[in-house]
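Engineer: Please find final35.cif (mmCIF, N, CA and C atoms) on the next line:
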data_structure
loop_
_atom_site.label_atom_id
_atom_site.label_comp_id
_atom_site.auth_asym_id
_atom_site.auth_seq_id
_atom_site.Cartn_x
_atom_site.Cartn_y
_atom_site.Cartn_z
N MET U 1147 -54.51 27.04 68.15
CA MET U 1147 -54.59 26.98 66.71
C MET U 1147 -55.40 28.18 66.21
N PRO U 1148 -54.83 28.96 65.28
CA PRO U 1148 -55.58 30.11 64.75
C PRO U 1148 -56.82 29.66 63.97
N SER U 1149 -57.84 30.50 63.95
CA SER U 1149 -59.05 30.20 63.19
C SER U 1149 -58.75 30.33 61.70
N ASP U 1150 -59.62 29.74 60.87
CA ASP U 1150 -59.47 29.87 59.42
C ASP U 1150 -59.46 31.34 59.02
N GLU U 1151 -60.32 32.14 59.66
CA GLU U 1151 -60.39 33.56 59.34
C GLU U 1151 -59.07 34.27 59.68
N ASP U 1152 -58.45 33.90 60.79
CA ASP U 1152 -57.15 34.48 61.15
C ASP U 1152 -56.08 34.11 60.14
N LEU U 1153 -56.10 32.85 59.67
CA LEU U 1153 -55.13 32.41 58.67
C LEU U 1153 -55.31 33.17 57.37
N ILE U 1154 -56.56 33.35 56.95
CA ILE U 1154 -56.85 34.07 55.70
C ILE U 1154 -56.45 35.53 55.83
N GLU U 1155 -56.69 36.13 56.98
CA GLU U 1155 -56.31 37.53 57.18
C GLU U 1155 -54.78 37.68 57.14
N LYS U 1156 -54.06 36.75 57.72
CA LYS U 1156 -52.60 36.78 57.67
C LYS U 1156 -52.12 36.68 56.22
N LEU U 1157 -52.72 35.77 55.47
CA LEU U 1157 -52.40 35.62 54.05
C LEU U 1157 -52.72 36.90 53.29
N ARG U 1158 -53.87 37.48 53.56
CA ARG U 1158 -54.29 38.73 52.90
C ARG U 1158 -53.27 39.85 53.15
N LEU U 1159 -52.84 40.01 54.37
CA LEU U 1159 -51.87 41.06 54.69
C LEU U 1159 -50.56 40.86 53.94
N MET U 1160 -50.13 39.61 53.82
CA MET U 1160 -48.90 39.32 53.08
C MET U 1160 -49.07 39.67 51.60
N CYS U 1161 -50.13 39.19 50.99
CA CYS U 1161 -50.34 39.40 49.56
C CYS U 1161 -50.54 40.87 49.21
N MET U 1162 -51.26 41.57 50.04
CA MET U 1162 -51.56 42.97 49.74
C MET U 1162 -50.38 43.90 50.01
N SER U 1163 -49.30 43.39 50.57
CA SER U 1163 -48.13 44.22 50.83
C SER U 1163 -47.28 44.46 49.58
N TYR U 1164 -47.59 43.77 48.49
CA TYR U 1164 -46.80 43.90 47.26
C TYR U 1164 -47.32 45.06 46.41
N PRO U 1165 -46.41 45.73 45.68
CA PRO U 1165 -46.81 46.88 44.87
C PRO U 1165 -47.94 46.55 43.89
N SER U 1166 -48.95 47.39 43.87
CA SER U 1166 -50.11 47.30 42.97
C SER U 1166 -50.93 46.02 43.14
N ALA U 1167 -50.78 45.33 44.27
CA ALA U 1167 -51.59 44.13 44.53
C ALA U 1167 -53.04 44.53 44.78
N THR U 1168 -53.94 43.73 44.24
CA THR U 1168 -55.37 43.92 44.46
C THR U 1168 -55.98 42.59 44.86
N GLU U 1169 -57.15 42.66 45.45
CA GLU U 1169 -57.86 41.45 45.87
C GLU U 1169 -59.21 41.40 45.18
N ASP U 1170 -59.59 40.21 44.76
CA ASP U 1170 -60.94 40.00 44.25
C ASP U 1170 -61.38 38.59 44.60
N GLY U 1171 -62.55 38.21 44.17
CA GLY U 1171 -63.09 36.91 44.51
C GLY U 1171 -62.52 35.76 43.72
N ALA U 1172 -61.63 35.99 42.79
CA ALA U 1172 -60.98 34.96 41.97
C ALA U 1172 -62.00 34.08 41.24
N GLY U 1173 -63.20 34.57 41.10
CA GLY U 1173 -64.22 33.84 40.35
C GLY U 1173 -64.90 32.72 41.10
N VAL U 1174 -64.45 32.40 42.29
CA VAL U 1174 -65.04 31.29 43.05
C VAL U 1174 -65.42 31.70 44.46
N GLY U 1175 -65.40 32.98 44.75
CA GLY U 1175 -65.79 33.45 46.06
C GLY U 1175 -64.67 33.45 47.09
N ALA U 1176 -63.55 32.86 46.77
CA ALA U 1176 -62.40 32.86 47.68
C ALA U 1176 -61.47 34.00 47.28
N PRO U 1177 -60.77 34.58 48.23
CA PRO U 1177 -59.88 35.68 47.88
C PRO U 1177 -58.83 35.27 46.85
N GLY U 1178 -58.69 36.12 45.85
CA GLY U 1178 -57.63 35.98 44.86
C GLY U 1178 -56.84 37.27 44.86
N PHE U 1179 -55.56 37.18 44.66
CA PHE U 1179 -54.69 38.35 44.71
C PHE U 1179 -54.02 38.51 43.36
N LYS U 1180 -54.13 39.72 42.82
CA LYS U 1180 -53.66 39.99 41.47
C LYS U 1180 -52.69 41.16 41.46
N VAL U 1181 -51.89 41.18 40.40
CA VAL U 1181 -51.08 42.34 40.09
C VAL U 1181 -51.32 42.64 38.61
N ARG U 1182 -51.76 43.87 38.36
CA ARG U 1182 -52.10 44.29 37.00
C ARG U 1182 -53.04 43.30 36.30
N GLY U 1183 -54.03 42.81 37.04
CA GLY U 1183 -55.06 41.94 36.49
C GLY U 1183 -54.68 40.48 36.37
N LYS U 1184 -53.49 40.09 36.78
CA LYS U 1184 -53.06 38.70 36.70
C LYS U 1184 -52.94 38.11 38.11
N ILE U 1185 -53.49 36.93 38.30
CA ILE U 1185 -53.47 36.29 39.62
C ILE U 1185 -52.07 35.80 39.97
N PHE U 1186 -51.62 36.14 41.19
CA PHE U 1186 -50.35 35.60 41.69
C PHE U 1186 -50.56 34.74 42.93
N ALA U 1187 -51.73 34.80 43.55
CA ALA U 1187 -52.01 33.95 44.70
C ALA U 1187 -53.52 33.84 44.88
N MET U 1188 -53.95 32.67 45.37
CA MET U 1188 -55.37 32.44 45.64
C MET U 1188 -55.51 31.70 46.96
N GLN U 1189 -56.59 31.98 47.64
CA GLN U 1189 -56.94 31.22 48.84
C GLN U 1189 -58.10 30.33 48.45
N HIS U 1190 -57.98 29.05 48.80
CA HIS U 1190 -59.04 28.09 48.52
C HIS U 1190 -59.24 27.18 49.73
N ARG U 1191 -60.36 26.52 49.75
CA ARG U 1191 -60.57 25.43 50.70
C ARG U 1191 -60.30 24.15 49.92
N MET U 1192 -59.33 23.41 50.36
CA MET U 1192 -58.95 22.16 49.71
C MET U 1192 -59.12 21.05 50.73
N ASN U 1193 -59.96 20.08 50.44
CA ASN U 1193 -60.23 19.01 51.40
C ASN U 1193 -60.73 19.58 52.73
N GLU U 1194 -61.57 20.61 52.62
CA GLU U 1194 -62.15 21.29 53.79
C GLU U 1194 -61.11 22.00 54.66
N ARG U 1195 -59.97 22.32 54.07
CA ARG U 1195 -58.90 23.00 54.80
C ARG U 1195 -58.52 24.28 54.07
N PRO U 1196 -58.18 25.35 54.81
CA PRO U 1196 -57.75 26.58 54.15
C PRO U 1196 -56.39 26.37 53.50
N SER U 1197 -56.24 26.90 52.30
CA SER U 1197 -54.96 26.72 51.61
C SER U 1197 -54.64 27.92 50.75
N LEU U 1198 -53.37 28.04 50.42
CA LEU U 1198 -52.85 29.02 49.50
C LEU U 1198 -52.45 28.29 48.23
N TRP U 1199 -52.79 28.86 47.08
CA TRP U 1199 -52.31 28.38 45.80
C TRP U 1199 -51.52 29.52 45.18
N CYS U 1200 -50.30 29.25 44.72
CA CYS U 1200 -49.51 30.29 44.07
C CYS U 1200 -48.56 29.69 43.05
N LYS U 1201 -48.07 30.54 42.16
CA LYS U 1201 -47.11 30.10 41.17
C LYS U 1201 -45.81 29.76 41.87
N ALA U 1202 -45.07 28.81 41.29
CA ALA U 1202 -43.79 28.43 41.85
C ALA U 1202 -42.76 28.35 40.73
N PRO U 1203 -41.50 28.61 41.05
CA PRO U 1203 -40.46 28.49 40.03
C PRO U 1203 -40.38 27.05 39.51
N PRO U 1204 -39.84 26.86 38.31
CA PRO U 1204 -39.73 25.51 37.75
C PRO U 1204 -39.03 24.54 38.72
N GLY U 1205 -39.63 23.38 38.89
CA GLY U 1205 -39.07 22.33 39.75
C GLY U 1205 -39.46 22.44 41.22
N ALA U 1206 -39.92 23.60 41.64
CA ALA U 1206 -40.23 23.80 43.06
C ALA U 1206 -41.42 22.96 43.50
N GLN U 1207 -42.43 22.84 42.65
CA GLN U 1207 -43.63 22.09 43.02
C GLN U 1207 -43.28 20.66 43.44
N GLN U 1208 -42.56 19.95 42.60
CA GLN U 1208 -42.21 18.56 42.90
C GLN U 1208 -41.34 18.47 44.16
N HIS U 1209 -40.40 19.37 44.28
CA HIS U 1209 -39.50 19.36 45.44
C HIS U 1209 -40.27 19.58 46.75
N LEU U 1210 -41.14 20.58 46.76
CA LEU U 1210 -41.88 20.90 47.98
C LEU U 1210 -42.82 19.78 48.38
N ILE U 1211 -43.55 19.23 47.41
CA ILE U 1211 -44.48 18.14 47.72
C ILE U 1211 -43.72 16.93 48.25
N ALA U 1212 -42.60 16.59 47.63
CA ALA U 1212 -41.80 15.45 48.09
C ALA U 1212 -41.23 15.69 49.48
N SER U 1213 -40.89 16.94 49.79
CA SER U 1213 -40.26 17.24 51.08
C SER U 1213 -41.26 17.25 52.24
N ASP U 1214 -42.53 17.60 51.96
CA ASP U 1214 -43.52 17.70 53.04
C ASP U 1214 -44.94 17.57 52.47
N PRO U 1215 -45.35 16.34 52.11
CA PRO U 1215 -46.68 16.16 51.50
C PRO U 1215 -47.85 16.46 52.43
N ALA U 1216 -47.61 16.58 53.72
CA ALA U 1216 -48.68 16.95 54.65
C ALA U 1216 -48.99 18.45 54.56
N THR U 1217 -48.04 19.23 54.06
CA THR U 1217 -48.21 20.68 53.95
C THR U 1217 -48.44 21.13 52.51
N PHE U 1218 -47.71 20.55 51.56
CA PHE U 1218 -47.75 20.98 50.17
C PHE U 1218 -48.50 19.99 49.30
N PHE U 1219 -49.17 20.50 48.26
CA PHE U 1219 -49.91 19.64 47.34
C PHE U 1219 -49.96 20.30 45.97
N ALA U 1220 -50.30 19.50 44.97
CA ALA U 1220 -50.49 20.01 43.61
C ALA U 1220 -51.96 20.41 43.46
N PRO U 1221 -52.26 21.68 43.36
CA PRO U 1221 -53.65 22.12 43.27
C PRO U 1221 -54.28 21.75 41.92
N PRO U 1222 -55.55 21.36 41.95
CA PRO U 1222 -56.22 21.02 40.69
C PRO U 1222 -56.25 22.22 39.75
N TYR U 1223 -56.31 21.93 38.47
CA TYR U 1223 -56.44 22.91 37.39
C TYR U 1223 -55.14 23.67 37.11
N VAL U 1224 -54.41 24.09 38.13
CA VAL U 1224 -53.23 24.93 37.90
C VAL U 1224 -51.90 24.23 38.17
N ALA U 1225 -51.94 23.02 38.71
CA ALA U 1225 -50.70 22.29 39.00
C ALA U 1225 -49.90 22.06 37.72
N GLN U 1226 -50.59 21.83 36.63
CA GLN U 1226 -49.90 21.58 35.37
C GLN U 1226 -49.10 22.79 34.90
N HIS U 1227 -49.38 23.94 35.48
CA HIS U 1227 -48.64 25.17 35.16
C HIS U 1227 -47.60 25.49 36.23
N GLY U 1228 -47.33 24.54 37.13
CA GLY U 1228 -46.30 24.71 38.14
C GLY U 1228 -46.74 25.34 39.45
N TRP U 1229 -48.04 25.55 39.63
CA TRP U 1229 -48.52 26.15 40.88
C TRP U 1229 -48.36 25.15 42.02
N ILE U 1230 -48.23 25.68 43.22
CA ILE U 1230 -48.10 24.86 44.43
C ILE U 1230 -49.22 25.23 45.38
N GLY U 1231 -49.70 24.24 46.11
CA GLY U 1231 -50.70 24.46 47.15
C GLY U 1231 -50.06 24.26 48.51
N VAL U 1232 -50.48 25.07 49.47
CA VAL U 1232 -49.96 24.99 50.84
C VAL U 1232 -51.15 24.98 51.79
N TYR U 1233 -51.25 23.95 52.63
CA TYR U 1233 -52.29 23.95 53.66
C TYR U 1233 -51.90 24.94 54.74
N LEU U 1234 -52.75 25.93 54.97
CA LEU U 1234 -52.45 26.96 55.96
C LEU U 1234 -52.64 26.49 57.39
N ASP U 1235 -53.41 25.43 57.58
CA ASP U 1235 -53.64 24.93 58.93
C ASP U 1235 -52.64 23.83 59.32
N ALA U 1236 -51.61 23.62 58.51
CA ALA U 1236 -50.60 22.59 58.79
C ALA U 1236 -49.42 23.18 59.57
N ASN U 1237 -49.65 24.33 60.21
CA ASN U 1237 -48.62 25.04 60.96
C ASN U 1237 -47.39 25.30 60.08
N PRO U 1238 -47.62 25.91 58.91
CA PRO U 1238 -46.50 26.16 58.01
C PRO U 1238 -45.59 27.26 58.53
N ASP U 1239 -44.40 27.31 57.99
CA ASP U 1239 -43.46 28.38 58.28
C ASP U 1239 -43.92 29.61 57.48
N TRP U 1240 -44.42 30.62 58.16
CA TRP U 1240 -44.99 31.78 57.48
C TRP U 1240 -43.92 32.60 56.75
N ASP U 1241 -42.68 32.54 57.20
CA ASP U 1241 -41.61 33.20 56.44
C ASP U 1241 -41.44 32.50 55.09
N TRP U 1242 -41.59 31.18 55.09
CA TRP U 1242 -41.49 30.41 53.85
C TRP U 1242 -42.70 30.74 52.95
N ILE U 1243 -43.87 30.85 53.53
CA ILE U 1243 -45.05 31.21 52.74
C ILE U 1243 -44.85 32.59 52.11
N ASP U 1244 -44.32 33.53 52.87
CA ASP U 1244 -44.05 34.86 52.32
C ASP U 1244 -43.08 34.76 51.15
N LYS U 1245 -42.08 33.90 51.24
CA LYS U 1245 -41.13 33.70 50.14
C LYS U 1245 -41.84 33.11 48.93
N LEU U 1246 -42.73 32.14 49.14
CA LEU U 1246 -43.50 31.57 48.02
C LEU U 1246 -44.36 32.64 47.35
N ILE U 1247 -44.99 33.48 48.15
CA ILE U 1247 -45.82 34.55 47.60
C ILE U 1247 -44.95 35.53 46.81
N GLU U 1248 -43.80 35.87 47.36
CA GLU U 1248 -42.90 36.77 46.64
C GLU U 1248 -42.46 36.16 45.31
N ASP U 1249 -42.08 34.89 45.32
CA ASP U 1249 -41.70 34.23 44.06
C ASP U 1249 -42.84 34.28 43.05
N SER U 1250 -44.05 34.00 43.50
CA SER U 1250 -45.20 34.03 42.62
C SER U 1250 -45.44 35.44 42.08
N TYR U 1251 -45.32 36.42 42.94
CA TYR U 1251 -45.47 37.81 42.52
C TYR U 1251 -44.44 38.14 41.45
N ARG U 1252 -43.18 37.75 41.68
CA ARG U 1252 -42.11 38.02 40.72
C ARG U 1252 -42.35 37.33 39.39
N LEU U 1253 -42.98 36.16 39.42
CA LEU U 1253 -43.29 35.43 38.19
C LEU U 1253 -44.46 36.06 37.42
N THR U 1254 -45.19 36.95 38.08
CA THR U 1254 -46.42 37.52 37.50
C THR U 1254 -46.30 39.01 37.18
N ALA U 1255 -45.67 39.75 38.04
CA ALA U 1255 -45.65 41.22 37.94
C ALA U 1255 -44.76 41.71 36.80
N PRO U 1256 -45.08 42.89 36.27
CA PRO U 1256 -44.20 43.50 35.26
C PRO U 1256 -42.87 43.93 35.91
N LYS U 1257 -41.87 44.05 35.08
CA LYS U 1257 -40.51 44.38 35.56
C LYS U 1257 -40.47 45.67 36.37
N LYS U 1258 -41.27 46.65 36.00
CA LYS U 1258 -41.27 47.93 36.74
C LYS U 1258 -41.68 47.73 38.19
N LEU U 1259 -42.64 46.86 38.43
CA LEU U 1259 -43.08 46.61 39.81
C LEU U 1259 -42.10 45.72 40.55
N ILE U 1260 -41.49 44.78 39.86
CA ILE U 1260 -40.47 43.93 40.49
C ILE U 1260 -39.29 44.79 40.94
N ALA U 1261 -38.94 45.80 40.14
CA ALA U 1261 -37.85 46.70 40.50
C ALA U 1261 -38.15 47.41 41.82
N LEU U 1262 -39.41 47.69 42.10
CA LEU U 1262 -39.77 48.35 43.36
C LEU U 1262 -39.46 47.46 44.56
N LEU U 1263 -39.51 46.15 44.38
CA LEU U 1263 -39.18 45.23 45.47
C LEU U 1263 -37.71 45.36 45.86
N ARG U 1264 -36.88 45.56 44.89
CA ARG U 1264 -35.44 45.68 45.16
C ARG U 1264 -35.12 46.97 45.90
N GLN U 1265 -35.96 47.99 45.73
CA GLN U 1265 -35.71 49.29 46.37
C GLN U 1265 -36.15 49.31 47.83
N SER U 1266 -37.03 48.38 48.19
CA SER U 1266 -37.54 48.45 49.57
C SER U 1266 -36.72 47.61 50.51
#
In structure tokens, what does this structure look like?
Structural biologist:
Amino acid sequence: MPSDEDLIEKLRLMCMSYPSATEDGAGVGAPGFKVRGKIFAMQHRMNERPSLWCKAPPGAQQHLIASDPATFFAPPYVAQHGWIGVYLDANPDWDWIDKLIEDSYRLTAPKKLIALLRQS
């Protein structure tokens, strides 16, 4: 089982691979990932477990939680805006996590940066 630090580093590498992505403390000391000053992903400890919080397309939150409640959850404060939480220590599919991060990035980034994703 990877350490919490290894999981966070893997998450960091994924988030920072997007155009103009930056990292900051997200106001709570946990890594937050932004594009043009807007958060598209956050790392938090939820129930003493490392987790990712990110924006999700409409309807995705309910679907994901219903499909695998041991992995997905509605994060406090931002769930009402459609964000999804993913426990990183639940042996998640990292390709799926990358897709969630990409969706969140696309929901946050300006069109000019989204266009760069199509070119790569």
Engineer: Smallest atom-to-atom distance to Leu1263 of chain U: which of U:Phe1179, U:Trp1199, U:Tyr1251, U:Tyr1233, using only C-alpha atoms?
Structural biologist: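 Distance minimum relative to Leu1263 of chain U lands on U:Tyr1251.
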Engineer: Show which residues sit within 8 Å of Thr1217 of chain U, as a list in words. Count only N, CA and C atoms, and ignore same-chain residues fewer than 3 positions away.
Structural biologist: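 Everything that qualifies: Leu1210, Ile1211, Ser1213, Asp1214, Ala1220, Gly1231, Val1232, Tyr1233, Leu1234, Asp1235, Ala1236, Asn1237 and Pro1238 of chain U.
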Engineer: Selection in question (the file shown): the PyMOL selection byres ((chain U and resi 1226-1229) around 7). Which residues does it include, as an MDAnalysis selection string?
Structural biologist: chainID U and resid 1199:1205 1207 1219:1225 1230:1231
Engineer: Here is a test: counting all atoms listed in the file, which residue of U:Lys1156, U:Ile1243, U:Thr1254, U:Ser1149 is nearest to Lys1180 of chain U?
Structural biologist: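 Counting all atoms listed in the file, the residue closest to Lys1180 of chain U is U:Thr1254.
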Engineer: How big is the axis-aligned box around the listed atoms of segment 1230-1241 of chain U once 6 Å is added on each side, and where is its centre? Give both in Å to one decimal, as JSON.
Structural biologist:
{"center_x": -47.5, "center_y": 27.9, "center_z": 52.1, "size_x": 24.2, "size_y": 22.6, "size_z": 29.7}
Engineer: Run DSSP on the backbone of this structure and report the residues of chain U it assigns to strand (DSSP E or B), as number ranges by chain.
Structural biologist: U: 1167-1170, 1178-1181, 1184-1192, 1195-1200, 1218-1219, 1230-1233
Engineer: Which residue is closest to Ile1247 of chain U? Choose from U:Ala1261, U:Met1160, U:Met1192, U:Ala1167 and count all atoms listed in the file.
Structural biologist: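 Selected residue with least distance to Ile1247 of chain U: U:Met1160.
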Engineer: When the PyMOL selection byres (((chain U and resi 1161 and name CA) around 10) and name CA) is applied to the file above, which residues end up in the set, as a PyMOL selection string?
Structural biologist: chain U and resi 1155-1160+1162-1165+1167-1169+1178-1181+1186-1188+1244+1247-1248+1251
Engineer: Mind pulling up the distance from atom CA of Asp1170 of chain U to atom CA of Asp1150 of chain U?
Structural biologist: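 Separation of atom CA of Asp1150 of chain U and atom CA of Asp1170 of chain U: 18.3 Å.
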Engineer: State, in Å with one decimal place, the distance from atom N of Arg1191 of chain U to atom N of Pro1177 of chain U.
Structural biologist: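 Between atom N of Arg1191 of chain U and atom N of Pro1177 of chain U the gap works out to 8.2 Å.
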Engineer: Take segment 1242-1253 of chain U from the preceding structure and save N, CA and C atoms as a PDB file, in the first residue's frame.
Structural biologist:
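And here's out25.pdb as it stands now:
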ATOM      1  N   TRP U1242      -9.117   6.694 -13.915  1.00  0.00           N
ATOM      2  CA  TRP U1242     -10.417   7.312 -13.655  1.00  0.00           C
ATOM      3  C   TRP U1242     -10.212   8.629 -12.885  1.00  0.00           C
ATOM      4  N   ILE U1243      -9.317   8.631 -11.925  1.00  0.00           N
ATOM      5  CA  ILE U1243      -9.024   9.863 -11.186  1.00  0.00           C
ATOM      6  C   ILE U1243      -8.502  10.933 -12.143  1.00  0.00           C
ATOM      7  N   ASP U1244      -7.626  10.554 -13.049  1.00  0.00           N
ATOM      8  CA  ASP U1244      -7.116  11.519 -14.030  1.00  0.00           C
ATOM      9  C   ASP U1244      -8.262  12.076 -14.868  1.00  0.00           C
ATOM     10  N   LYS U1245      -9.224  11.252 -15.229  1.00  0.00           N
ATOM     11  CA  LYS U1245     -10.394  11.704 -15.987  1.00  0.00           C
ATOM     12  C   LYS U1245     -11.222  12.676 -15.151  1.00  0.00           C
ATOM     13  N   LEU U1246     -11.409  12.383 -13.864  1.00  0.00           N
ATOM     14  CA  LEU U1246     -12.144  13.306 -12.987  1.00  0.00           C
ATOM     15  C   LEU U1246     -11.427  14.650 -12.890  1.00  0.00           C
ATOM     16  N   ILE U1247     -10.108  14.611 -12.764  1.00  0.00           N
ATOM     17  CA  ILE U1247      -9.332  15.848 -12.688  1.00  0.00           C
ATOM     18  C   ILE U1247      -9.455  16.626 -13.997  1.00  0.00           C
ATOM     19  N   GLU U1248      -9.379  15.918 -15.108  1.00  0.00           N
ATOM     20  CA  GLU U1248      -9.527  16.594 -16.402  1.00  0.00           C
ATOM     21  C   GLU U1248     -10.906  17.238 -16.528  1.00  0.00           C
ATOM     22  N   ASP U1249     -11.954  16.519 -16.148  1.00  0.00           N
ATOM     23  CA  ASP U1249     -13.306  17.092 -16.192  1.00  0.00           C
ATOM     24  C   ASP U1249     -13.380  18.352 -15.335  1.00  0.00           C
ATOM     25  N   SER U1250     -12.818  18.292 -14.142  1.00  0.00           N
ATOM     26  CA  SER U1250     -12.837  19.437 -13.243  1.00  0.00           C
ATOM     27  C   SER U1250     -12.055  20.609 -13.844  1.00  0.00           C
ATOM     28  N   TYR U1251     -10.916  20.314 -14.421  1.00  0.00           N
ATOM     29  CA  TYR U1251     -10.115  21.344 -15.079  1.00  0.00           C
ATOM     30  C   TYR U1251     -10.931  21.995 -16.196  1.00  0.00           C
ATOM     31  N   ARG U1252     -11.589  21.175 -17.014  1.00  0.00           N
ATOM     32  CA  ARG U1252     -12.393  21.695 -18.124  1.00  0.00           C
ATOM     33  C   ARG U1252     -13.559  22.547 -17.634  1.00  0.00           C
ATOM     34  N   LEU U1253     -14.106  22.217 -16.466  1.00  0.00           N
ATOM     35  CA  LEU U1253     -15.202  22.997 -15.895  1.00  0.00           C
ATOM     36  C   LEU U1253     -14.713  24.326 -15.306  1.00  0.00           C
TER      37      LEU U1253
END
